[in-house]
>>> print(open('work_33.cif').read())   # mmCIF, C-alpha atoms and all ligand atoms
data_final
#
loop_
_atom_site.label_atom_id
_atom_site.label_comp_id
_atom_site.auth_asym_id
_atom_site.auth_seq_id
_atom_site.Cartn_x
_atom_site.Cartn_y
_atom_site.Cartn_z
CA MET A 925 4.45 -39.98 19.11
CA LYS A 926 7.79 -38.85 17.79
CA GLU A 927 11.17 -39.04 19.42
CA TYR A 928 13.97 -36.58 18.93
CA LYS A 929 17.52 -37.16 19.98
CA LEU A 930 20.04 -34.84 21.58
CA VAL A 931 23.57 -36.07 22.27
CA PHE A 932 26.04 -34.87 24.90
CA THR A 933 29.64 -35.86 24.44
CA GLY A 934 32.93 -35.00 26.11
CA THR A 935 35.65 -36.52 28.22
CA THR A 936 34.92 -38.30 31.49
CA GLY A 937 34.05 -35.71 34.13
CA ALA A 938 33.21 -33.03 31.57
CA GLY A 939 29.64 -32.95 32.90
CA LYS A 940 27.52 -35.07 30.56
CA THR A 941 25.59 -36.80 33.35
CA THR A 942 25.26 -33.51 35.23
CA ALA A 943 23.96 -31.67 32.15
CA ILE A 944 21.38 -34.36 31.38
CA ASN A 945 20.26 -34.40 35.02
CA ALA A 946 19.90 -30.62 35.00
CA ILE A 947 17.14 -30.71 32.39
CA SER A 948 15.81 -34.26 32.28
CA GLU A 949 12.31 -34.94 33.51
CA VAL A 950 13.28 -38.44 34.46
CA PRO A 951 16.37 -39.00 36.60
CA ALA A 952 19.35 -39.61 34.34
CA VAL A 953 20.03 -43.30 34.24
CA LYS A 954 22.82 -45.42 32.96
CA THR A 955 21.47 -47.79 30.44
CA ASP A 956 22.84 -50.58 28.30
CA VAL A 957 21.78 -50.30 24.71
CA ALA A 958 22.00 -53.30 22.48
CA ASN A 959 24.09 -52.89 19.40
CA THR A 960 21.84 -54.00 16.59
CA ASP A 961 24.07 -52.84 13.78
CA SER A 962 25.47 -56.02 12.26
CA THR A 963 28.17 -54.15 10.38
CA LEU A 964 29.88 -53.34 13.64
CA ASN A 965 32.52 -55.28 15.45
CA LYS A 966 30.95 -58.22 17.28
CA GLU A 967 32.75 -57.27 20.47
CA PHE A 968 30.49 -54.28 20.82
CA THR A 969 27.28 -55.96 21.83
CA THR A 970 26.16 -53.36 24.31
CA VAL A 971 27.14 -49.85 25.16
CA GLY A 972 26.50 -48.10 28.48
CA LEU A 973 25.28 -44.58 28.22
CA ASP A 974 23.52 -41.85 30.15
CA PHE A 975 19.92 -41.35 29.30
CA GLY A 976 17.38 -38.67 30.14
CA GLN A 977 14.17 -37.38 28.68
CA ILE A 978 12.06 -34.27 28.13
CA ASN A 979 8.35 -34.67 27.43
CA LEU A 980 6.69 -32.23 25.06
CA ALA A 981 3.13 -30.94 25.28
CA ASN A 982 1.94 -33.03 22.31
CA GLY A 983 3.36 -36.25 23.71
CA ASP A 984 6.54 -36.18 21.65
CA ARG A 985 9.79 -36.79 23.49
CA VAL A 986 13.32 -35.56 23.44
CA ARG A 987 15.75 -38.27 24.39
CA LEU A 988 18.96 -37.04 25.92
CA PHE A 989 22.00 -39.25 25.49
CA GLY A 990 25.42 -38.94 27.06
CA THR A 991 28.18 -40.82 25.32
CA PRO A 992 29.99 -43.38 27.47
CA GLY A 993 32.93 -42.02 29.38
CA GLN A 994 36.10 -42.74 27.53
CA SER A 995 38.70 -40.19 26.70
CA ARG A 996 39.19 -41.62 23.23
CA PHE A 997 36.68 -41.18 20.46
CA ASP A 998 34.55 -44.27 20.07
CA PHE A 999 32.91 -45.07 16.76
CA MET A 1000 29.76 -46.11 18.65
CA TRP A 1001 29.15 -42.46 19.34
CA LYS A 1002 28.64 -41.84 15.66
CA ILE A 1003 25.86 -44.39 15.61
CA LEU A 1004 24.29 -42.64 18.57
CA THR A 1005 24.50 -39.25 16.87
CA LYS A 1006 22.86 -40.42 13.68
CA ASP A 1007 19.55 -38.53 13.30
CA ALA A 1008 20.21 -36.45 16.41
CA PHE A 1009 18.96 -32.87 16.10
CA GLY A 1010 21.99 -31.60 17.93
CA LEU A 1011 25.35 -32.45 19.43
CA ILE A 1012 26.72 -30.77 22.54
CA ILE A 1013 30.46 -31.15 23.07
CA LEU A 1014 31.40 -30.50 26.69
CA ILE A 1015 34.98 -29.53 27.44
CA ASP A 1016 36.57 -29.69 30.88
CA ASN A 1017 39.02 -26.80 30.98
CA SER A 1018 40.80 -28.25 34.00
CA ARG A 1019 42.18 -31.10 31.92
CA PRO A 1020 45.77 -31.02 30.66
CA GLU A 1021 44.97 -30.40 27.00
CA PRO A 1022 41.43 -29.17 26.43
CA LEU A 1023 42.19 -28.11 22.84
CA ALA A 1024 43.39 -31.61 22.04
CA ASP A 1025 40.18 -32.97 23.62
CA LEU A 1026 38.13 -30.77 21.32
CA ALA A 1027 40.14 -31.88 18.30
CA VAL A 1028 39.35 -35.53 19.06
CA TYR A 1029 35.61 -34.88 18.92
CA LEU A 1030 35.77 -32.64 15.87
CA GLU A 1031 37.65 -35.31 13.99
CA GLY A 1032 35.49 -38.15 15.21
CA PHE A 1033 32.25 -36.34 14.37
CA ALA A 1034 33.55 -34.65 11.21
CA GLN A 1035 30.94 -36.27 9.01
CA GLU A 1036 28.03 -35.57 11.39
CA LEU A 1037 29.10 -31.97 11.84
CA ARG A 1038 28.40 -31.25 8.19
CA ASN A 1039 24.66 -31.28 8.85
CA THR A 1040 24.12 -31.62 12.59
CA PRO A 1041 23.98 -28.48 14.75
CA CYS A 1042 26.75 -28.47 17.34
CA VAL A 1043 27.79 -26.24 20.22
CA ILE A 1044 30.85 -26.33 22.45
CA GLY A 1045 30.25 -25.82 26.18
CA VAL A 1046 33.42 -25.14 28.14
CA GLY A 1047 33.28 -25.85 31.86
CA ARG A 1048 35.48 -24.74 34.77
CA THR A 1049 36.70 -21.65 32.91
CA GLU A 1050 36.58 -19.58 36.07
CA GLU A 1051 39.30 -21.54 37.83
CA HIS A 1052 41.09 -22.50 34.62
CA HIS A 1053 41.64 -19.53 32.34
CA THR A 1054 43.68 -21.27 29.67
CA PRO A 1055 42.99 -22.10 26.99
CA SER A 1056 40.77 -19.04 26.62
CA LEU A 1057 37.39 -19.21 24.90
CA ASP A 1058 38.98 -17.38 22.00
CA ASP A 1059 41.69 -20.05 21.78
CA PHE A 1060 38.90 -22.59 21.18
CA SER A 1061 37.29 -20.38 18.54
CA THR A 1062 40.64 -19.94 16.81
CA ALA A 1063 41.25 -23.70 16.84
CA LEU A 1064 37.77 -24.24 15.39
CA GLU A 1065 38.34 -21.62 12.73
CA SER A 1066 41.59 -23.26 11.66
CA LYS A 1067 39.64 -26.47 11.07
CA GLY A 1068 36.95 -24.66 9.12
CA PHE A 1069 34.29 -24.63 11.86
CA THR A 1070 32.38 -21.63 13.17
CA LEU A 1071 30.67 -23.12 16.20
CA PRO A 1072 29.48 -21.40 19.38
CA VAL A 1073 31.97 -21.63 22.25
CA ILE A 1074 30.07 -20.91 25.44
CA PRO A 1075 31.37 -20.88 29.02
CA VAL A 1076 29.03 -23.08 31.02
CA ASP A 1077 28.40 -24.55 34.42
CA VAL A 1078 26.21 -27.48 33.45
CA ARG A 1079 25.03 -27.86 37.02
CA LEU A 1080 22.84 -24.84 36.21
CA PRO A 1081 19.82 -25.71 34.04
CA LYS A 1082 19.90 -22.25 32.44
CA ASP A 1083 23.36 -22.90 31.04
CA VAL A 1084 22.30 -26.22 29.52
CA ILE A 1085 19.15 -24.59 28.14
CA LEU A 1086 21.27 -21.89 26.49
CA LEU A 1087 23.29 -24.56 24.69
CA ILE A 1088 20.08 -26.16 23.41
CA GLU A 1089 18.69 -22.79 22.35
CA LEU A 1090 21.82 -22.15 20.28
CA LEU A 1091 21.48 -25.57 18.65
CA MET A 1092 17.91 -24.75 17.64
CA ALA A 1093 19.05 -21.38 16.29
CA GLN A 1094 21.61 -23.16 14.13
CA ALA A 1095 18.94 -25.46 12.75
CA GLU A 1096 16.64 -22.49 12.08
CA ALA A 1097 19.40 -20.72 10.16
CA ASP A 1098 20.09 -23.94 8.23
CA MET A 1099 16.41 -24.24 7.30
CA GLN A 1100 16.41 -20.72 5.93
CA GLU A 1101 19.51 -21.56 3.92
CA GLU A 1102 17.83 -24.69 2.52
CA PHE A 1103 14.86 -22.63 1.48
CA LEU A 1104 17.03 -20.10 -0.31
CA SER A 1105 18.91 -22.75 -2.25
CA GLN A 1106 15.75 -24.44 -3.49
CA MET B 1366 15.77 11.45 25.10
CA ARG B 1367 16.56 8.53 27.40
CA TYR B 1368 18.11 9.01 30.80
CA LEU B 1369 20.84 6.94 32.37
CA GLY B 1370 21.36 7.06 36.12
CA CYS B 1371 24.53 6.00 37.93
CA LEU B 1372 24.32 4.47 41.38
CA GLY B 1373 27.36 3.73 43.52
CA LEU B 1374 29.90 5.06 41.04
CA ILE B 1375 32.62 7.50 41.97
CA LYS B 1376 32.70 10.94 40.39
CA PRO B 1377 35.48 10.31 37.85
CA GLU B 1378 33.53 7.30 36.60
CA VAL B 1379 30.33 9.32 36.31
CA ASP B 1380 32.24 12.03 34.44
CA LEU B 1381 33.64 9.43 32.07
CA ILE B 1382 30.17 8.07 31.38
CA ARG B 1383 28.79 11.57 30.81
CA THR B 1384 31.52 12.15 28.24
CA ILE B 1385 30.73 8.86 26.48
CA LEU B 1386 27.04 9.75 26.25
CA ARG B 1387 27.85 13.19 24.86
CA THR B 1388 30.43 12.18 22.32
CA SER B 1389 29.47 8.75 20.96
CA SER B 1390 28.38 9.04 17.36
CA ARG B 1391 26.67 5.67 17.64
CA LEU B 1392 24.50 6.89 20.49
CA ASP B 1393 23.85 10.09 18.56
CA LYS B 1394 22.98 12.04 21.75
CA ARG B 1395 19.95 9.83 22.42
CA TRP B 1396 21.11 9.28 26.01
CA ALA B 1397 21.81 11.79 28.75
CA LEU B 1398 22.94 11.43 32.32
CA ALA B 1399 20.26 11.76 35.00
CA GLU B 1400 21.25 13.14 38.41
CA SER B 1401 18.06 11.96 40.09
CA GLY B 1402 14.45 11.05 39.39
CA GLU B 1403 13.15 8.77 36.67
CA CYS B 1404 15.61 7.01 34.42
CA ASP B 1405 15.39 4.59 31.50
CA ALA B 1406 18.47 2.67 32.52
CA LEU B 1407 20.34 2.59 35.81
CA LEU B 1408 23.97 1.59 36.18
CA VAL B 1409 24.29 -0.07 39.56
CA TYR B 1410 27.45 -0.83 41.48
CA ASN B 1411 27.31 -2.62 44.85
CA ALA B 1412 23.61 -1.93 45.09
CA GLU B 1413 22.05 -1.16 48.43
CA LYS B 1414 18.34 -1.77 48.85
CA SER B 1415 17.28 1.68 47.74
CA VAL B 1416 17.83 3.27 44.36
CA ALA B 1417 17.39 6.81 45.76
CA PRO B 1418 17.76 9.50 44.47
CA PHE B 1419 16.55 7.70 41.35
CA THR B 1420 13.11 6.31 40.68
CA LEU B 1421 12.38 3.30 38.51
CA LYS B 1422 9.76 3.04 35.81
CA PRO B 1423 8.39 -0.37 34.81
CA THR B 1424 10.59 -0.21 31.73
CA THR B 1425 13.76 0.90 33.51
CA GLN B 1426 16.62 -1.47 32.73
CA LEU B 1427 19.15 -2.18 35.43
CA ILE B 1428 22.72 -2.53 34.25
CA MET B 1429 24.73 -4.26 36.92
CA ILE B 1430 28.43 -3.51 37.13
CA ARG B 1431 30.57 -6.59 37.44
CA ARG B 1432 34.25 -7.32 37.34
CA ARG B 1433 35.46 -9.05 34.20
CA GLY B 1434 35.37 -12.80 34.67
CA GLU B 1435 32.52 -12.68 37.22
CA LYS B 1436 29.40 -14.67 36.33
CA HIS B 1437 26.49 -12.49 35.33
CA ASP B 1438 23.07 -12.36 33.75
CA GLY B 1439 21.15 -9.68 31.94
CA HIS B 1440 22.55 -6.26 31.19
CA VAL B 1441 25.95 -5.69 32.70
CA PHE B 1442 28.78 -3.27 32.38
CA LEU B 1443 32.17 -4.73 33.11
CA LYS B 1444 34.98 -3.20 35.13
CA PRO B 1445 37.48 -2.07 34.01
CA PHE B 1446 35.16 0.00 31.87
CA ARG B 1447 35.24 0.10 28.10
CA ALA B 1448 33.28 2.80 26.33
CA ASP B 1449 32.25 0.63 23.39
CA GLU B 1450 30.69 -1.93 25.70
CA LEU B 1451 28.53 0.66 27.44
CA ILE B 1452 27.47 1.99 24.06
CA ASP B 1453 26.61 -1.53 22.84
CA THR B 1454 24.53 -2.14 25.96
CA LEU B 1455 22.62 1.13 25.64
CA ILE B 1456 21.90 0.38 21.98
CA VAL B 1457 20.54 -3.03 22.95
CA ILE B 1458 18.32 -1.37 25.57
CA ASP B 1459 17.20 1.19 23.00
CA THR B 1460 16.26 -1.57 20.64
CA GLU B 1461 14.52 -3.72 23.23
CA ASN B 1462 12.48 -0.88 24.68
CA TYR B 1463 11.82 1.53 21.93
CA SER B 1464 12.05 -0.01 18.48
CA ALA B 1465 8.76 -0.64 16.86
CA PRO B 1466 8.77 -4.29 15.83
CA VAL B 1467 9.47 -4.74 12.14
CA PRO B 1468 6.09 -5.52 10.63
CA ALA B 1469 6.03 -8.94 9.02
CA GLY B 1470 6.31 -8.81 5.30
CA THR B 1471 7.80 -5.39 5.03
CA VAL B 1472 10.82 -5.13 2.83
CA ASN B 1473 12.93 -2.14 3.42
CA ASN B 1474 14.54 -1.46 0.10
CA GLN B 1475 17.20 0.56 1.84
CA VAL B 1476 18.34 -2.57 3.63
CA SER B 1477 21.65 -3.66 2.21
CA ALA B 1478 21.72 -6.80 0.09
CA ASN B 1479 25.24 -7.62 1.24
CA LEU B 1480 25.80 -11.21 2.23
CA TYR B 1481 27.46 -11.73 5.60
CA ARG B 1482 29.11 -14.75 7.05
CA LEU B 1483 30.78 -15.13 10.43
CA LYS B 1484 34.36 -16.37 10.03
CA LYS B 1485 35.04 -17.12 13.66
CA TRP B 1486 32.98 -17.26 16.86
CA PRO B 1487 33.24 -13.78 18.46
CA PRO B 1488 35.22 -13.25 21.67
CA ALA B 1489 33.45 -12.73 24.99
CA ASP B 1490 33.90 -8.95 25.03
CA ILE B 1491 31.68 -8.72 21.95
CA LEU B 1492 29.03 -11.18 23.10
CA GLN B 1493 29.04 -10.01 26.73
CA GLN B 1494 27.13 -13.17 27.58
CA HIS B 1495 24.18 -11.42 25.98
CA LYS B 1496 21.88 -14.03 24.49
CA ASN B 1497 20.62 -11.81 21.67
CA TYR B 1498 24.18 -11.35 20.48
CA MET B 1499 24.92 -15.07 20.70
CA LEU B 1500 21.84 -15.84 18.61
CA LEU B 1501 22.81 -13.27 15.98
CA ALA B 1502 26.29 -14.80 15.84
CA VAL B 1503 24.76 -18.26 15.38
CA TYR B 1504 22.56 -17.09 12.49
CA LEU B 1505 25.60 -15.57 10.78
CA SER B 1506 27.62 -18.73 11.28
CA ARG B 1507 25.41 -20.93 9.09
CA GLY B 1508 25.92 -19.89 5.50
CA THR B 1509 25.71 -16.34 4.20
CA LYS B 1510 22.93 -14.10 5.43
CA THR B 1511 21.60 -10.69 4.52
CA LEU B 1512 20.66 -8.07 7.07
CA GLN B 1513 17.05 -8.87 6.28
CA ASP B 1514 17.68 -12.59 6.93
CA LEU B 1515 19.18 -11.67 10.27
CA MET B 1516 16.19 -9.55 11.21
CA THR B 1517 13.79 -12.30 10.15
CA LEU B 1518 15.59 -15.05 12.02
CA SER B 1519 16.17 -13.07 15.20
CA GLY B 1520 13.02 -10.98 15.30
CA GLN B 1521 15.32 -8.08 16.24
CA GLY B 1522 15.19 -4.61 14.78
CA GLU B 1523 17.43 -3.24 12.10
CA ALA B 1524 19.41 -1.04 14.51
CA LEU B 1525 20.51 -3.91 16.72
CA CYS B 1526 21.34 -6.21 13.79
CA ASN B 1527 23.21 -3.50 11.93
CA ASN B 1528 25.13 -2.51 14.99
CA PHE B 1529 26.15 -6.08 15.63
CA LEU B 1530 27.32 -6.48 12.03
CA LYS B 1531 29.33 -3.29 12.39
CA VAL B 1532 31.04 -4.51 15.54
CA LEU B 1533 31.91 -7.85 13.90
CA GLN B 1534 33.18 -6.10 10.82
CA GLU B 1535 35.40 -3.76 12.85
CA ARG B 1536 36.97 -6.80 14.46
CA GLY B 1537 37.58 -8.59 11.19
CA LEU B 1538 35.22 -11.44 12.01
CA LEU B 1539 32.92 -11.01 9.06
CA GLN B 1540 33.19 -12.13 5.48
CA ILE B 1541 31.18 -9.76 3.30
CA GLU B 1542 30.07 -10.27 -0.27
CA GLY B 1543 28.09 -7.85 -2.34
CA GLY B 1544 24.53 -8.88 -3.10
CA LYS B 1545 24.26 -11.14 -6.10
CA GLY B 1546 21.48 -9.09 -7.61
CA SER B 1547 18.95 -11.56 -6.30
CA PRO B 1548 15.84 -9.88 -4.97
CA ILE B 1549 15.48 -9.66 -1.23
CA VAL B 1550 12.95 -12.27 -0.25
CA THR B 1551 10.25 -10.76 1.87
CA SER B 1552 9.95 -11.96 5.41
CA ILE B 1553 6.29 -12.77 4.89
CA GLU B 1554 6.64 -15.77 2.62
CA ARG B 1555 9.78 -17.26 4.05
CA PRO B 1556 8.53 -18.45 7.45
CA ALA B 1557 5.47 -19.92 5.76
CA ARG B 1558 7.66 -21.91 3.43
CA ILE B 1559 9.87 -23.35 6.14
CA GLN B 1560 6.98 -24.33 8.35
CA ASP B 1561 7.53 -28.00 8.90
CA GLU B 1562 7.72 -30.62 11.54
CA LYS B 1563 11.00 -29.33 12.90
CA LYS B 1564 9.61 -25.83 13.42
CA ASN B 1565 6.75 -27.27 15.37
CA PHE B 1566 9.10 -29.41 17.40
CA PHE B 1567 11.29 -26.40 18.21
CA SER B 1568 8.36 -24.30 19.34
CA LEU B 1569 7.21 -27.09 21.65
CA LEU B 1570 10.71 -27.56 23.02
CA LYS B 1571 11.17 -23.83 23.50
CA ALA B 1572 7.90 -23.62 25.39
CA LYS B 1573 9.02 -26.50 27.57
CA LEU B 1574 12.39 -24.92 28.31
CA GLY B 1575 10.81 -21.56 29.06
CA LEU B 1576 12.19 -19.92 25.93
CA THR B 1577 9.62 -17.70 24.35
CA LYS B 1578 10.45 -15.96 21.15
CA LYS B 1579 9.79 -12.26 21.22
N1 LIG C 1601 32.90 -26.65 38.62
C1 LIG C 1601 32.20 -27.40 37.75
N2 LIG C 1601 31.97 -28.69 38.05
C2 LIG C 1601 31.28 -29.45 37.18
C3 LIG C 1601 30.82 -28.91 35.96
N3 LIG C 1601 30.21 -29.89 35.30
C4 LIG C 1601 30.28 -31.00 36.04
N4 LIG C 1601 30.93 -30.75 37.21
C5 LIG C 1601 31.21 -31.71 38.27
O1 LIG C 1601 32.10 -32.67 37.73
C6 LIG C 1601 31.80 -33.97 38.20
C7 LIG C 1601 31.67 -34.93 37.04
O2 LIG C 1601 30.55 -34.62 36.24
P1 LIG C 1601 29.74 -35.71 35.40
O3 LIG C 1601 28.45 -35.11 35.00
O4 LIG C 1601 29.65 -37.00 36.14
O5 LIG C 1601 30.69 -35.90 34.15
P2 LIG C 1601 30.54 -36.98 32.96
O6 LIG C 1601 31.63 -37.99 33.19
O7 LIG C 1601 30.81 -36.21 31.70
O8 LIG C 1601 29.18 -37.57 33.00
C8 LIG C 1601 30.52 -33.83 39.01
O9 LIG C 1601 30.90 -33.84 40.38
C9 LIG C 1601 29.97 -32.47 38.63
O10 LIG C 1601 29.29 -31.86 39.70
C10 LIG C 1601 31.07 -27.52 35.68
O11 LIG C 1601 30.69 -26.99 34.65
N5 LIG C 1601 31.76 -26.82 36.61
MG MG C 1602 28.73 -39.58 33.34
#
>>> encode(input="work_33.cif", output="structure tokens")
Amino acid sequence: MKEYKLVFTGTTGAGKTTAINAISEVPAVKTDVANTDSTLNKEFTTVGLDFGQINLANGDRVRLFGTPGQSRFDFMWKILTKDAFGLIILIDNSRPEPLADLAVYLEGFAQELRNTPCVIGVGRTEEHHTPSLDDFSTALESKGFTLPVIPVDVRLPKDVILLIELLMAQAEADMQEEFLSQ
Amino acid sequence: MRYLGCLGLIKPEVDLIRTILRTSSRLDKRWALAESGECDALLVYNAEKSVAPFTLKPTTQLIMIRRRGEKHDGHVFLKPFRADELIDTLIVIDTENYSAPVPAGTVNNQVSANLYRLKKWPPADILQQHKNYMLLAVYLSRGTKTLQDLMTLSGQGEALCNNFLKVLQERGLLQIEGGKGSPIVTSIERPARIQDEKKNFFSLLKAKLGLTKK
């Protein structure tokens, strides 16, 4: 049995728990994960995170992780994202500076973003029109990223599924690229 | 000839749509306005229960009219109207309903060997929340791709892919390089070569999430 990892990140209230609950086959739970990486600061012995799961037909599993709610980037998240097949960054457009929020995650995950598929899901765009979706795309472009920026309501499973579908499409395009450069 | 019906639109709007169908070079007179009877696509505004005087075929596509900013699914046409968006939608419907699938392994030598790369994620008025467009944009965002690559990855026909590239190019979102003289790799060997664990995983996950690749 294999396990695949999908990580949801974003500020507190951005909808990580909601998104995981929308598609998880087990109720999303908060779990404490032991920090077994001895190179890390001793203070970080455990980290609380959201956890959900999707079971595949052959018995393999997709583990869904939500990074702990802190507004600041936490280096533990990088550990979590190692070997993940995708990273979903959720943005809450009702916050004071959503573009600054995005910048925090792009910087924090800069290394992972070189080879991990990533999509940006922007929530509450209907009540909060600014920044616009195009403002996010422009900010991404200025940092050298071309990542999907999708308006979402993560309470709806179909919106979360769309984000995952776009992650898989990124990986498929990457695989084709790898083949061509062989 | 395909027929487009209009339900719940006022006369000036219907006249505008008739003019678009007649004059768009991209539609190339493939679509005409239907007054009643069977239609291939039906534009619907504030739908009542009945579609009279029109009749629907199993393949008839409904295009719901929504205000910009409203949530929507499927084919929509947004108010205030923009001609290019209606044309894009009709071309998508054309492609979905009428294009013969590109047979695996065929290489169309006419297909351009240009390499395309998306510079910036396209704005909402291009994507129209249409999943096929989002997927095409994703494929173009990961390294350079040829038109053939795009068709292989998306499973979409040449018309849809080409049209999408054209729209991106018009909006300055595309970086284009001439082909490097490398032969176009046929679509028959490529999927076989990238068959691996991840592909299998994705197909299982897609099945689970109700995403079936056309
Ligand atoms: N309107 C709206 N509300 C949302 C959205 N996503 C989450 N919420 C609500 O925001 C609250 C916080 O979401 P939660 O999933 O706990 O955020 P987390 O801190 O990232 O785990 C919940 O009451 C959700 O119902 C969204 O996309 N739109
Ligand atoms: Mg939470």
>>> residues_near_ligand(input="work_33.cif", ligand="ligand LIG 1601 (chain C)", cutoff="8 Å", atoms="only C-alpha atoms and all ligand atoms", output="PyMOL selection string")
chain A and resi 933-944+974+990+993+1014+1016+1046-1048+1076-1079
>>> residues_around(input="work_33.cif", residues="B:Ala1406", least_positions_apart="5", cutoff="10 Å", atoms="all atoms listed in the file", output="VMD selection string")
chain B and resid 1367 to 1371 1396 1398 to 1399 1421 to 1422 1424 to 1428 1440 1455 1458 to 1459
>>> residues_around(input="work_33.cif", residues="A:Leu1090", least_positions_apart="6", cutoff="9 Å", atoms="only C-alpha atoms", output="PyMOL selection string")
(chain A and resi 1041-1043+1072) or (chain B and resi 1499-1500+1503)
>>> closest_residue(input="work_33.cif", among="B:Val1441, B:Leu1570, B:Leu1530, B:Met1429", to="chain A", atoms="all atoms listed in the file")
B:Leu1570
>>> interface_residues(input="work_33.cif", of="chain B", to="chain A", cutoff="9 Å", atoms="only C-alpha atoms", output="PyMOL selection string")
chain B and resi 1434-1436+1483-1489+1494+1496+1499-1510+1514+1518-1519+1550+1555-1556+1558-1559+1563-1564+1566-1567+1569-1576
>>> residues_around(input="work_33.cif", residues="stretch 1390-1394 of chain B", least_positions_apart="4", cutoff="12 Å", atoms="all atoms listed in the file", output="PDB file with C-alpha atoms, keeping the file's coordinate frame")
ATOM      1  CA  MET B1366      15.770  11.450  25.100  1.00  0.00           C
ATOM      2  CA  ARG B1367      16.560   8.530  27.400  1.00  0.00           C
ATOM      3  CA  TYR B1368      18.110   9.010  30.800  1.00  0.00           C
ATOM      4  CA  LEU B1369      20.840   6.940  32.370  1.00  0.00           C
ATOM      5  CA  ARG B1383      28.790  11.570  30.810  1.00  0.00           C
ATOM      6  CA  THR B1384      31.520  12.150  28.240  1.00  0.00           C
ATOM      7  CA  ILE B1385      30.730   8.860  26.480  1.00  0.00           C
ATOM      8  CA  LEU B1386      27.040   9.750  26.250  1.00  0.00           C
ATOM      9  CA  LEU B1398      22.940  11.430  32.320  1.00  0.00           C
ATOM     10  CA  ALA B1448      33.280   2.800  26.330  1.00  0.00           C
ATOM     11  CA  ASP B1449      32.250   0.630  23.390  1.00  0.00           C
ATOM     12  CA  GLU B1450      30.690  -1.930  25.700  1.00  0.00           C
ATOM     13  CA  LEU B1451      28.530   0.660  27.440  1.00  0.00           C
ATOM     14  CA  ILE B1452      27.470   1.990  24.060  1.00  0.00           C
ATOM     15  CA  ASP B1453      26.610  -1.530  22.840  1.00  0.00           C
ATOM     16  CA  THR B1454      24.530  -2.140  25.960  1.00  0.00           C
ATOM     17  CA  LEU B1455      22.620   1.130  25.640  1.00  0.00           C
ATOM     18  CA  ILE B1456      21.900   0.380  21.980  1.00  0.00           C
ATOM     19  CA  VAL B1457      20.540  -3.030  22.950  1.00  0.00           C
ATOM     20  CA  ILE B1458      18.320  -1.370  25.570  1.00  0.00           C
ATOM     21  CA  ASP B1459      17.200   1.190  23.000  1.00  0.00           C
ATOM     22  CA  THR B1460      16.260  -1.570  20.640  1.00  0.00           C
ATOM     23  CA  ALA B1524      19.410  -1.040  14.510  1.00  0.00           C
ATOM     24  CA  LEU B1525      20.510  -3.910  16.720  1.00  0.00           C
ATOM     25  CA  ASN B1527      23.210  -3.500  11.930  1.00  0.00           C
ATOM     26  CA  ASN B1528      25.130  -2.510  14.990  1.00  0.00           C
ATOM     27  CA  PHE B1529      26.150  -6.080  15.630  1.00  0.00           C
ATOM     28  CA  LYS B1531      29.330  -3.290  12.390  1.00  0.00           C
ATOM     29  CA  VAL B1532      31.040  -4.510  15.540  1.00  0.00           C
TER      30      VAL B1532
END
>>> atom_distance(input="work_33.cif", atom1="atom CA of A:Asp1007", atom2="atom CA of A:Lys929")
7.1 Å
>>> atom_distance(input="work_33.cif", atom1="atom CA of B:Leu1515", atom2="atom CA of B:Glu1562")
22.2 Å
>>> atom_distance(input="work_33.cif", atom1="atom CA of B:His1495", atom2="atom CA of B:Thr1420")
25.6 Å
>>> residues_around(input="work_33.cif", residues="A:Phe932", least_positions_apart="4", cutoff="7 Å", atoms="only C-alpha atoms", output="list in words")
Lys940, Phe989, Gly990, Thr991, Leu1011, Ile1012 and Ile1013 of chain A
>>> closest_residue(input="work_33.cif", among="B:Phe1442, B:Glu1523, B:Leu1512, B:Gln1493", to="B:Ile1541", atoms="all atoms listed in the file")
B:Leu1512
>>> closest_residue(input="work_33.cif", among="A:Ala946, A:Ala952, A:Gln977, A:Glu1051", to="ligand MG 1602 (chain C)", atoms="only C-alpha atoms and all ligand atoms")
A:Ala952
>>> closest_residue(input="work_33.cif", among="A:Ala1027, A:Leu1037, A:Leu988, A:Met925", to="A:Ile1015", atoms="all atoms listed in the file")
A:Ala1027
>>> residues_around(input="work_33.cif", residues="A:Val1028", least_positions_apart="2", cutoff="10 Å", atoms="only C-alpha atoms", output="short mmCIF file (atom, residue, chain, number, x, y, z; two decimals) with C-alpha atoms, in the coordinates of the input")
data_model
loop_
_atom_site.label_atom_id
_atom_site.label_comp_id
_atom_site.auth_asym_id
_atom_site.auth_seq_id
_atom_site.Cartn_x
_atom_site.Cartn_y
_atom_site.Cartn_z
CA GLY A 934 32.93 -35.00 26.11
CA THR A 935 35.65 -36.52 28.22
CA SER A 995 38.70 -40.19 26.70
CA ARG A 996 39.19 -41.62 23.23
CA PHE A 997 36.68 -41.18 20.46
CA PRO A 1022 41.43 -29.17 26.43
CA LEU A 1023 42.19 -28.11 22.84
CA ALA A 1024 43.39 -31.61 22.04
CA ASP A 1025 40.18 -32.97 23.62
CA LEU A 1026 38.13 -30.77 21.32
CA LEU A 1030 35.77 -32.64 15.87
CA GLU A 1031 37.65 -35.31 13.99
CA GLY A 1032 35.49 -38.15 15.21
CA PHE A 1033 32.25 -36.34 14.37
CA ALA A 1034 33.55 -34.65 11.21
#
>>> closest_residue(input="work_33.cif", among="A:Gly1010, A:Val950, A:Leu973, A:Leu930", to="ligand MG 1602 (chain C)", atoms="all atoms listed in the file")
A:Leu973
